[in-house]
file model_24.txt (compact mmCIF, C-alpha atoms)
# COMPACT_ATOMS: atom_id res chain seq x y z
CA MET B 148 159.53 96.36 68.89
CA PRO B 149 159.96 97.06 72.62
CA SER B 150 163.37 98.20 73.83
CA PHE B 151 163.22 95.78 76.77
CA THR B 152 163.21 92.01 77.13
CA PRO B 153 159.92 90.47 78.28
CA GLN B 154 160.31 88.99 81.75
CA LYS B 155 158.52 86.60 84.09
CA ILE B 156 156.97 88.68 86.84
CA LEU B 157 155.25 87.66 90.08
CA ILE B 158 152.84 90.24 91.51
CA LEU B 159 151.61 89.88 95.08
CA GLY B 160 148.39 91.84 95.35
CA GLY B 161 148.00 91.82 91.58
CA SER B 162 144.22 91.39 91.71
CA GLY B 163 143.69 94.58 93.73
CA PHE B 164 143.02 98.18 92.74
CA VAL B 165 146.61 99.09 91.81
CA GLY B 166 147.53 95.57 90.75
CA ARG B 167 144.92 95.46 87.99
CA HIS B 168 146.44 98.53 86.35
CA VAL B 169 149.98 97.14 86.70
CA CYS B 170 148.94 93.81 85.16
CA SER B 171 147.31 95.60 82.24
CA ARG B 172 150.45 97.58 81.43
CA LEU B 173 152.76 94.59 81.79
CA SER B 174 150.46 92.50 79.60
CA LEU B 175 150.61 95.12 76.85
CA GLN B 176 154.40 94.92 77.00
CA HIS B 177 154.26 91.11 76.57
CA HIS B 178 155.68 90.27 80.00
CA GLN B 179 154.56 86.97 81.53
CA VAL B 180 152.74 87.77 84.77
CA THR B 181 151.75 85.46 87.63
CA VAL B 182 149.18 86.67 90.17
CA PRO B 183 148.50 84.54 93.27
CA THR B 184 145.14 84.95 94.97
CA ARG B 185 143.32 83.16 97.76
CA ARG B 186 140.06 83.25 95.86
CA LEU B 187 139.34 82.20 92.30
CA PRO B 188 138.24 83.34 89.82
CA ALA B 189 139.76 86.79 89.25
CA ARG B 190 138.16 87.44 85.88
CA HIS B 191 139.15 91.11 85.71
CA ILE B 192 142.78 90.06 85.16
CA GLN B 193 142.47 86.46 83.96
CA MET B 194 141.44 87.64 80.50
CA MET B 195 144.61 89.71 80.04
CA PRO B 196 147.11 88.12 77.62
CA GLY B 197 150.14 86.72 79.43
CA VAL B 198 148.56 86.95 82.89
CA SER B 199 148.18 83.71 84.87
CA VAL B 200 146.16 83.61 88.10
CA VAL B 201 146.96 80.87 90.61
CA GLN B 202 145.32 80.03 93.93
CA ALA B 203 147.80 80.30 96.79
CA ASN B 204 148.35 81.70 100.27
CA VAL B 205 151.31 84.08 100.08
CA HIS B 206 151.50 84.19 103.88
CA ASP B 207 152.60 80.55 103.87
CA ALA B 208 156.40 80.64 103.54
CA LYS B 209 156.61 77.36 101.59
CA GLN B 210 153.92 78.39 99.13
CA LEU B 211 155.56 81.78 98.76
CA GLN B 212 158.93 80.28 97.85
CA ALA B 213 157.26 78.00 95.31
CA LEU B 214 155.57 81.02 93.76
CA VAL B 215 158.82 82.98 93.52
CA HIS B 216 160.59 80.11 91.74
CA GLY B 217 161.32 80.77 88.08
CA HIS B 218 160.49 84.48 88.04
CA ASP B 219 162.78 87.35 87.08
CA VAL B 220 161.03 90.09 89.05
CA VAL B 221 158.76 90.17 92.10
CA ILE B 222 156.40 93.09 92.82
CA ASN B 223 154.81 93.35 96.27
CA LEU B 224 151.61 95.40 96.43
CA ILE B 225 150.08 93.76 99.50
CA ALA B 226 148.95 96.12 102.26
CA ILE B 227 146.13 96.49 104.75
CA LEU B 228 144.57 99.67 106.15
CA HIS B 229 142.76 98.16 109.13
CA GLY B 230 143.85 95.64 111.75
CA ASN B 231 145.59 95.06 115.04
CA GLU B 232 149.32 95.04 115.73
CA ASP B 233 149.73 91.38 114.75
CA GLU B 234 147.79 91.80 111.50
CA PHE B 235 149.81 94.84 110.47
CA ASN B 236 153.05 93.01 111.28
CA GLN B 237 152.01 89.96 109.28
CA ALA B 238 151.13 91.98 106.17
CA HIS B 239 153.79 94.68 106.29
CA VAL B 240 156.79 93.10 108.06
CA THR B 241 156.65 89.29 108.11
CA LEU B 242 155.50 88.94 104.49
CA PRO B 243 158.23 91.21 103.04
CA ALA B 244 160.87 89.44 105.17
CA ASN B 245 159.64 86.03 103.97
CA LEU B 246 159.57 87.35 100.42
CA ALA B 247 163.21 88.45 100.63
CA ARG B 248 164.19 85.01 101.94
CA ALA B 249 162.25 83.34 99.12
CA CYS B 250 163.99 85.54 96.55
CA HIS B 251 167.40 84.63 97.97
CA ALA B 252 166.55 80.93 98.03
CA GLU B 253 165.33 80.97 94.42
CA ASN B 254 168.07 83.29 93.09
CA VAL B 255 165.59 86.02 92.18
CA THR B 256 167.50 89.29 92.32
CA ARG B 257 164.84 91.92 91.56
CA LEU B 258 162.19 93.06 94.04
CA ILE B 259 159.93 96.11 93.77
CA HIS B 260 158.13 96.86 97.03
CA ILE B 261 155.29 99.34 97.38
CA SER B 262 155.50 100.90 100.83
CA ALA B 263 153.73 104.09 101.88
CA LEU B 264 154.38 107.80 102.18
CA GLY B 265 154.83 108.55 105.86
CA ALA B 266 156.35 105.17 106.73
CA ASP B 267 158.20 105.85 109.98
CA VAL B 268 159.27 103.55 112.81
CA HIS B 269 158.33 106.37 115.19
CA GLY B 270 155.10 107.25 113.39
CA PRO B 271 151.85 107.74 115.33
CA SER B 272 150.01 104.77 113.78
CA MET B 273 150.55 101.01 113.65
CA TYR B 274 150.19 101.26 109.86
CA GLN B 275 153.05 103.75 109.48
CA ARG B 276 155.33 101.94 111.93
CA SER B 277 154.77 98.52 110.36
CA LYS B 278 155.36 99.89 106.86
CA ALA B 279 158.68 101.32 108.02
CA ARG B 280 159.73 98.06 109.68
CA GLY B 281 158.93 96.24 106.45
CA GLU B 282 161.23 98.58 104.56
CA LEU B 283 164.00 97.99 107.10
CA ALA B 284 163.61 94.20 106.83
CA LEU B 285 163.97 94.37 103.05
CA GLN B 286 166.91 96.78 103.14
CA SER B 287 168.67 94.53 105.66
CA ALA B 288 168.07 91.51 103.42
CA ALA B 289 169.39 93.39 100.39
CA GLN B 290 172.63 94.15 102.25
CA LYS B 291 173.20 90.50 103.16
CA ALA B 292 172.70 88.96 99.71
CA PRO B 293 172.21 90.19 96.13
CA LEU B 294 168.75 91.73 95.84
CA GLY B 295 167.97 94.61 93.51
CA LEU B 296 165.46 96.35 95.77
CA THR B 297 163.36 99.37 94.81
CA LEU B 298 161.09 101.00 97.41
CA LEU B 299 158.12 103.10 96.26
CA ARG B 300 156.24 105.31 98.73
CA PRO B 301 152.90 106.51 97.32
CA SER B 302 150.57 108.99 98.93
CA VAL B 303 146.86 108.12 98.85
CA ILE B 304 146.12 106.60 95.44
CA PHE B 305 143.03 107.73 93.54
CA GLY B 306 141.23 106.59 90.42
CA LYS B 307 137.73 106.18 89.02
CA ASP B 308 137.45 102.76 90.69
CA ASP B 309 139.24 103.55 93.96
CA GLN B 310 137.94 103.08 97.50
CA PHE B 311 138.87 106.58 98.62
CA ILE B 312 137.18 109.18 96.45
CA ASN B 313 134.26 106.83 95.82
CA LEU B 314 133.73 106.30 99.56
CA PHE B 315 133.30 110.02 100.24
CA ALA B 316 131.31 110.50 97.04
CA ASN B 317 128.84 107.78 98.06
CA LEU B 318 128.52 109.11 101.61
CA GLN B 319 127.48 112.48 100.20
CA LYS B 320 124.76 110.82 98.16
CA VAL B 321 123.20 109.69 101.45
CA PHE B 322 124.01 112.15 104.24
CA PRO B 323 123.20 115.90 104.36
CA VAL B 324 126.46 116.74 106.18
CA ILE B 325 129.81 114.96 106.54
CA PRO B 326 131.31 114.98 110.07
CA LEU B 327 135.03 114.50 109.48
CA ALA B 328 137.96 113.73 111.75
CA GLY B 329 141.40 114.75 110.52
CA ALA B 330 139.82 117.32 108.21
CA ASN B 331 142.93 119.53 108.14
CA THR B 332 145.42 116.75 107.38
CA ARG B 333 147.11 117.42 104.04
CA PHE B 334 147.49 114.79 101.33
CA GLN B 335 149.24 114.71 97.97
CA PRO B 336 147.05 112.21 96.06
CA VAL B 337 148.56 110.28 93.17
CA TRP B 338 146.72 108.86 90.16
CA VAL B 339 146.65 105.05 89.93
CA HIS B 340 147.72 105.13 86.28
CA ASP B 341 150.80 107.17 87.24
CA VAL B 342 151.62 104.68 90.00
CA ALA B 343 151.26 101.76 87.58
CA GLN B 344 153.44 103.49 85.01
CA ALA B 345 156.10 104.12 87.66
CA ILE B 346 156.09 100.46 88.75
CA VAL B 347 156.42 99.22 85.16
CA HIS B 348 159.24 101.71 84.60
CA CYS B 349 161.07 100.11 87.54
CA VAL B 350 160.56 96.66 86.00
CA ASN B 351 162.17 97.81 82.76
CA THR B 352 164.89 100.04 84.25
CA PRO B 353 167.66 98.34 86.26
CA SER B 354 169.09 101.71 87.34
CA THR B 355 166.16 102.10 89.76
CA GLU B 356 167.58 99.31 91.93
CA GLY B 357 168.75 100.39 95.37
CA GLN B 358 166.64 103.55 95.35
CA VAL B 359 163.63 104.94 97.24
CA PHE B 360 161.01 107.02 95.40
CA GLU B 361 158.09 109.13 96.58
CA LEU B 362 155.00 108.83 94.40
CA CYS B 363 152.93 112.00 94.76
CA GLY B 364 150.67 114.05 92.53
CA PRO B 365 150.96 117.81 91.90
CA ASP B 366 148.10 118.86 94.24
CA ILE B 367 148.29 119.22 98.03
CA LEU B 368 144.80 119.17 99.55
CA THR B 369 143.36 118.78 103.02
CA LEU B 370 141.10 115.83 103.69
CA ALA B 371 138.16 118.24 103.86
CA GLU B 372 139.03 119.58 100.42
CA LEU B 373 139.25 116.03 99.05
CA VAL B 374 135.82 115.23 100.47
CA GLN B 375 134.40 118.37 98.85
CA LEU B 376 136.08 117.39 95.57
CA ALA B 377 134.41 113.97 95.73
CA GLY B 378 131.05 115.63 96.32
CA ARG B 379 131.45 117.94 93.33
CA TRP B 380 132.42 114.94 91.19
CA VAL B 381 129.02 113.29 91.76
CA GLY B 382 127.06 116.53 92.01
CA LYS B 383 126.27 116.04 95.72
CA GLN B 384 128.67 118.30 97.61
CA ARG B 385 127.70 118.47 101.29
CA PRO B 386 128.98 120.67 104.12
CA VAL B 387 131.97 119.22 105.99
CA ILE B 388 132.01 119.51 109.77
CA SER B 389 135.50 119.22 111.23
CA LEU B 390 135.55 117.07 114.37
CA PRO B 391 138.01 117.53 117.24
CA TYR B 392 140.32 114.56 117.78
CA ALA B 393 138.47 113.21 120.84
CA ILE B 394 135.12 113.14 119.02
CA GLY B 395 136.80 111.70 115.93
CA TRP B 396 138.33 108.96 118.07
CA LEU B 397 134.90 107.99 119.40
CA GLN B 398 133.48 108.07 115.86
CA ALA B 399 136.26 105.77 114.63
CA LEU B 400 135.70 103.40 117.56
CA LEU B 401 132.01 103.10 116.69
CA MET B 402 132.90 102.45 113.05
CA GLU B 403 135.26 99.66 114.11
CA TRP B 404 132.39 97.97 115.95
CA ALA B 405 130.07 98.16 112.93
CA PRO B 406 129.73 95.04 110.71
CA GLY B 407 132.11 94.71 107.76
CA LYS B 408 135.24 96.71 107.04
CA PRO B 409 135.30 99.99 108.96
CA LEU B 410 135.08 103.25 107.02
CA MET B 411 137.53 104.72 109.51
CA SER B 412 139.57 103.20 112.32
CA ARG B 413 141.39 104.73 115.26
CA ASP B 414 144.65 103.76 113.61
CA ASN B 415 143.62 105.62 110.43
CA LEU B 416 142.95 108.63 112.61
CA ASP B 417 146.37 108.29 114.23
CA SER B 418 147.97 108.25 110.76
CA MET B 419 146.39 111.64 110.12
CA LYS B 420 148.30 113.23 112.98
CA VAL B 421 151.01 113.89 110.38
CA HIS B 422 150.58 115.32 106.87
CA ASN B 423 150.82 112.83 104.00
CA VAL B 424 152.97 114.87 101.62
CA ALA B 425 156.38 114.42 100.00
CA ILE B 426 159.37 115.25 102.14
CA GLY B 427 161.04 116.53 98.98
CA HIS B 428 164.60 115.17 99.04
CA LEU B 429 163.78 111.84 97.37
CA PRO B 430 163.17 111.38 93.63
CA GLY B 431 159.57 111.19 92.50
CA LEU B 432 157.36 110.29 89.56
CA ARG B 433 159.31 112.27 87.00
CA ALA B 434 162.39 110.17 87.75
CA LEU B 435 160.25 107.12 86.91
CA GLY B 436 159.14 108.18 83.46
CA VAL B 437 155.96 110.06 84.45
CA SER B 438 156.67 113.42 82.87
CA GLU B 439 153.41 115.13 83.90
CA PRO B 440 151.80 113.58 87.02
CA LYS B 441 148.04 113.97 86.81
CA SER B 442 146.13 116.45 88.96
CA ILE B 443 143.22 115.09 90.96
CA LYS B 444 141.47 118.44 90.51
CA ARG B 445 141.68 118.18 86.74
CA LEU B 446 140.67 114.53 86.54
CA PHE B 447 137.74 114.64 88.93
CA VAL B 448 136.41 118.16 88.48
CA ALA B 449 137.10 118.92 84.84
CA GLY B 450 136.44 115.28 83.92
CA LYS B 451 139.67 114.99 81.94
call {"tool": "encode", "arguments": {"input": "model_24.txt", "output": "structure tokens"}}
result
Amino acid sequence: MPSFTPQKILILGGSGFVGRHVCSRLSLQHHQVTVPTRRLPARHIQMMPGVSVVQANVHDAKQLQALVHGHDVVINLIAILHGNEDEFNQAHVTLPANLARACHAENVTRLIHISALGADVHGPSMYQRSKARGELALQSAAQKAPLGLTLLRPSVIFGKDDQFINLFANLQKVFPVIPLAGANTRFQPVWVHDVAQAIVHCVNTPSTEGQVFELCGPDILTLAELVQLAGRWVGKQRPVISLPYAIGWLQALLMEWAPGKPLMSRDNLDSMKVHNVAIGHLPGLRALGVSEPKSIKRLFVAGK
């Protein structure tokens, strides 16, 4: 028998890359999970026992409050990587603030918010600044009324079905060389299963309330090294050409103009002006029940 009581959990962003893994773990522990989505169906999670998918717009404050009603815990995984100032503010600042108000109105006292490593109100990118303002909005709300808030700051999250390693792997299947802006920026990639385990640990462990955690793996690699790793994974490693910032900025601008979601934006490039590694004085994965965080080198090169 589990040592915890099954709870009713609302997951914003539960149908996404990280959310699918979180839903799977919570389902196995017999929690009752609600996942709102704008588009139905979401078959990859609808078949999980105890997981209910409902159609809703979480950016509508009234719908959001209705969703929060009756739940014990709320997990916010929603984030965007591309957009303008207003779009970043809506996703990373306004939504968390509305979520805190909804929790207060519905007497929900447990909120787990996934922010980002490098969140900084003075950061070089709109992404980093908006993530930091979202944290501040939630911390302010938690001081005004009872709200057991946990903030998690992951580095870039990888997995077999991610959009990071797979992007660079697929590019190397097509192009003979990879011109790369921000090639020397360092990252500390974290495995999606470790992130999911950490989130579920927070659900089951009240002592994590009021804390901030950094979620980082054991390896520190430059972006160029990560691209080379992705190439080795699919047997198509290509030479990486490091681009100066000005050329990288023009490359990102052209990508923004291309149809569909950009592979790289100027704001992404701005984020890479600072290294994406743990600052070191905050607790990490081991404090959240992940005794041996997985190495991206081992998982993607050794195939383990």
call {"tool": "closest_residue", "arguments": {"input": "model_24.txt", "among": "B:Ala425, B:Val198, B:Ile192, B:Met273", "to": "B:Val303", "atoms": "only C-alpha atoms"}}
result
B:Ala425
call {"tool": "axis_aligned_box", "arguments": {"input": "model_24.txt", "around": "stretch 302-315 of chain B", "padding_each_side": "3 Å", "output": "JSON"}}
result
{"center_x": 141.9, "center_y": 106.4, "center_z": 94.6, "size_x": 23.3, "size_y": 13.3, "size_z": 17.2}
call {"tool": "residues_near_point", "arguments": {"input": "model_24.txt", "point": "(160.6, 92.1, 91.9)", "cutoff": "7 Å", "atoms": "only C-alpha atoms", "output": "PyMOL selection string"}}
result
chain B and resi 220-222+257-259
call {"tool": "closest_residue", "arguments": {"input": "model_24.txt", "among": "B:Thr184, B:Gln275, B:Asn223, B:Gln176", "to": "B:Ile261", "atoms": "all atoms listed in the file"}}
result
B:Asn223
call {"tool": "closest_residue", "arguments": {"input": "model_24.txt", "among": "B:Ala330, B:Ala213, B:Val347, B:Leu296", "to": "B:Tyr392", "atoms": "all atoms listed in the file"}}
result
B:Ala330
call {"tool": "closest_residue", "arguments": {"input": "model_24.txt", "among": "B:Pro409, B:Gly436, B:Gly281, B:Pro430", "to": "B:His229", "atoms": "all atoms listed in the file"}}
result
B:Pro409
call {"tool": "decode", "arguments": {"input": "model_24.txt", "residues": "stretch 274-298 of chain B", "atoms": "N, CA, C and O atoms", "output": "PDB file, in the first residue's frame"}}
result
ATOM      1  N   TYR B 274      12.121  35.759 -22.127  1.00  0.00           N
ATOM      2  CA  TYR B 274      11.781  34.486 -21.489  1.00  0.00           C
ATOM      3  C   TYR B 274      12.247  34.469 -20.039  1.00  0.00           C
ATOM      4  O   TYR B 274      11.464  34.184 -19.128  1.00  0.00           O
ATOM      5  N   GLN B 275      13.504  34.776 -19.793  1.00  0.00           N
ATOM      6  CA  GLN B 275      14.064  34.732 -18.443  1.00  0.00           C
ATOM      7  C   GLN B 275      13.404  35.769 -17.536  1.00  0.00           C
ATOM      8  O   GLN B 275      13.085  35.479 -16.375  1.00  0.00           O
ATOM      9  N   ARG B 276      13.188  36.958 -18.058  1.00  0.00           N
ATOM     10  CA  ARG B 276      12.592  38.020 -17.236  1.00  0.00           C
ATOM     11  C   ARG B 276      11.140  37.686 -16.883  1.00  0.00           C
ATOM     12  O   ARG B 276      10.710  37.890 -15.742  1.00  0.00           O
ATOM     13  N   SER B 277      10.388  37.167 -17.848  1.00  0.00           N
ATOM     14  CA  SER B 277       8.988  36.847 -17.567  1.00  0.00           C
ATOM     15  C   SER B 277       8.871  35.674 -16.603  1.00  0.00           C
ATOM     16  O   SER B 277       7.986  35.654 -15.732  1.00  0.00           O
ATOM     17  N   LYS B 278       9.749  34.703 -16.723  1.00  0.00           N
ATOM     18  CA  LYS B 278       9.749  33.580 -15.777  1.00  0.00           C
ATOM     19  C   LYS B 278      10.000  34.072 -14.354  1.00  0.00           C
ATOM     20  O   LYS B 278       9.365  33.613 -13.396  1.00  0.00           O
ATOM     21  N   ALA B 279      10.925  35.009 -14.208  1.00  0.00           N
ATOM     22  CA  ALA B 279      11.223  35.561 -12.881  1.00  0.00           C
ATOM     23  C   ALA B 279      10.046  36.361 -12.338  1.00  0.00           C
ATOM     24  O   ALA B 279       9.713  36.268 -11.139  1.00  0.00           O
ATOM     25  N   ARG B 280       9.381  37.141 -13.183  1.00  0.00           N
ATOM     26  CA  ARG B 280       8.227  37.911 -12.719  1.00  0.00           C
ATOM     27  C   ARG B 280       7.085  36.983 -12.314  1.00  0.00           C
ATOM     28  O   ARG B 280       6.343  37.284 -11.376  1.00  0.00           O
ATOM     29  N   GLY B 281       6.951  35.867 -12.995  1.00  0.00           N
ATOM     30  CA  GLY B 281       5.947  34.887 -12.602  1.00  0.00           C
ATOM     31  C   GLY B 281       6.227  34.323 -11.227  1.00  0.00           C
ATOM     32  O   GLY B 281       5.311  34.148 -10.403  1.00  0.00           O
ATOM     33  N   GLU B 282       7.484  34.026 -10.950  1.00  0.00           N
ATOM     34  CA  GLU B 282       7.863  33.554  -9.618  1.00  0.00           C
ATOM     35  C   GLU B 282       7.515  34.598  -8.554  1.00  0.00           C
ATOM     36  O   GLU B 282       6.965  34.271  -7.490  1.00  0.00           O
ATOM     37  N   LEU B 283       7.850  35.852  -8.826  1.00  0.00           N
ATOM     38  CA  LEU B 283       7.586  36.919  -7.865  1.00  0.00           C
ATOM     39  C   LEU B 283       6.092  37.071  -7.608  1.00  0.00           C
ATOM     40  O   LEU B 283       5.668  37.291  -6.458  1.00  0.00           O
ATOM     41  N   ALA B 284       5.278  36.952  -8.657  1.00  0.00           N
ATOM     42  CA  ALA B 284       3.820  37.063  -8.490  1.00  0.00           C
ATOM     43  C   ALA B 284       3.302  35.960  -7.584  1.00  0.00           C
ATOM     44  O   ALA B 284       2.448  36.201  -6.711  1.00  0.00           O
ATOM     45  N   LEU B 285       3.809  34.752  -7.749  1.00  0.00           N
ATOM     46  CA  LEU B 285       3.366  33.637  -6.924  1.00  0.00           C
ATOM     47  C   LEU B 285       3.860  33.776  -5.482  1.00  0.00           C
ATOM     48  O   LEU B 285       3.120  33.501  -4.531  1.00  0.00           O
ATOM     49  N   GLN B 286       5.105  34.183  -5.312  1.00  0.00           N
ATOM     50  CA  GLN B 286       5.641  34.356  -3.961  1.00  0.00           C
ATOM     51  C   GLN B 286       4.905  35.461  -3.209  1.00  0.00           C
ATOM     52  O   GLN B 286       4.648  35.344  -2.007  1.00  0.00           O
ATOM     53  N   SER B 287       4.539  36.532  -3.931  1.00  0.00           N
ATOM     54  CA  SER B 287       3.758  37.598  -3.307  1.00  0.00           C
ATOM     55  C   SER B 287       2.389  37.087  -2.886  1.00  0.00           C
ATOM     56  O   SER B 287       1.917  37.376  -1.778  1.00  0.00           O
ATOM     57  N   ALA B 288       1.752  36.292  -3.750  1.00  0.00           N
ATOM     58  CA  ALA B 288       0.442  35.732  -3.425  1.00  0.00           C
ATOM     59  C   ALA B 288       0.523  34.791  -2.232  1.00  0.00           C
ATOM     60  O   ALA B 288      -0.376  34.770  -1.376  1.00  0.00           O
ATOM     61  N   ALA B 289       1.603  34.025  -2.148  1.00  0.00           N
ATOM     62  CA  ALA B 289       1.763  33.074  -1.046  1.00  0.00           C
ATOM     63  C   ALA B 289       1.971  33.782   0.293  1.00  0.00           C
ATOM     64  O   ALA B 289       1.653  33.220   1.354  1.00  0.00           O
ATOM     65  N   GLN B 290       2.484  35.008   0.255  1.00  0.00           N
ATOM     66  CA  GLN B 290       2.678  35.778   1.483  1.00  0.00           C
ATOM     67  C   GLN B 290       1.384  36.411   1.981  1.00  0.00           C
ATOM     68  O   GLN B 290       1.218  36.671   3.171  1.00  0.00           O
ATOM     69  N   LYS B 291       0.447  36.633   1.048  1.00  0.00           N
ATOM     70  CA  LYS B 291      -0.798  37.319   1.402  1.00  0.00           C
ATOM     71  C   LYS B 291      -1.870  36.378   1.923  1.00  0.00           C
ATOM     72  O   LYS B 291      -2.755  36.780   2.679  1.00  0.00           O
ATOM     73  N   ALA B 292      -1.836  35.127   1.504  1.00  0.00           N
ATOM     74  CA  ALA B 292      -2.846  34.154   1.900  1.00  0.00           C
ATOM     75  C   ALA B 292      -2.217  32.771   1.881  1.00  0.00           C
ATOM     76  O   ALA B 292      -1.208  32.559   1.202  1.00  0.00           O
ATOM     77  N   PRO B 293      -2.795  31.813   2.622  1.00  0.00           N
ATOM     78  CA  PRO B 293      -2.189  30.472   2.687  1.00  0.00           C
ATOM     79  C   PRO B 293      -2.066  29.837   1.311  1.00  0.00           C
ATOM     80  O   PRO B 293      -3.053  29.664   0.604  1.00  0.00           O
ATOM     81  N   LEU B 294      -0.831  29.517   0.925  1.00  0.00           N
ATOM     82  CA  LEU B 294      -0.583  28.849  -0.342  1.00  0.00           C
ATOM     83  C   LEU B 294       0.755  28.136  -0.244  1.00  0.00           C
ATOM     84  O   LEU B 294       1.808  28.767  -0.207  1.00  0.00           O
ATOM     85  N   GLY B 295       0.697  26.817  -0.166  1.00  0.00           N
ATOM     86  CA  GLY B 295       1.915  26.019  -0.074  1.00  0.00           C
ATOM     87  C   GLY B 295       2.585  25.953  -1.434  1.00  0.00           C
ATOM     88  O   GLY B 295       2.296  25.078  -2.252  1.00  0.00           O
ATOM     89  N   LEU B 296       3.478  26.882  -1.697  1.00  0.00           N
ATOM     90  CA  LEU B 296       4.089  27.054  -3.017  1.00  0.00           C
ATOM     91  C   LEU B 296       5.458  26.381  -3.072  1.00  0.00           C
ATOM     92  O   LEU B 296       6.304  26.589  -2.199  1.00  0.00           O
ATOM     93  N   THR B 297       5.672  25.597  -4.113  1.00  0.00           N
ATOM     94  CA  THR B 297       6.991  25.045  -4.419  1.00  0.00           C
ATOM     95  C   THR B 297       7.382  25.491  -5.812  1.00  0.00           C
ATOM     96  O   THR B 297       6.610  25.343  -6.758  1.00  0.00           O
ATOM     97  N   LEU B 298       8.587  26.049  -5.952  1.00  0.00           N
ATOM     98  CA  LEU B 298       9.104  26.491  -7.244  1.00  0.00           C
ATOM     99  C   LEU B 298      10.211  25.541  -7.695  1.00  0.00           C
ATOM    100  O   LEU B 298      11.148  25.266  -6.936  1.00  0.00           O
TER     101      LEU B 298
END
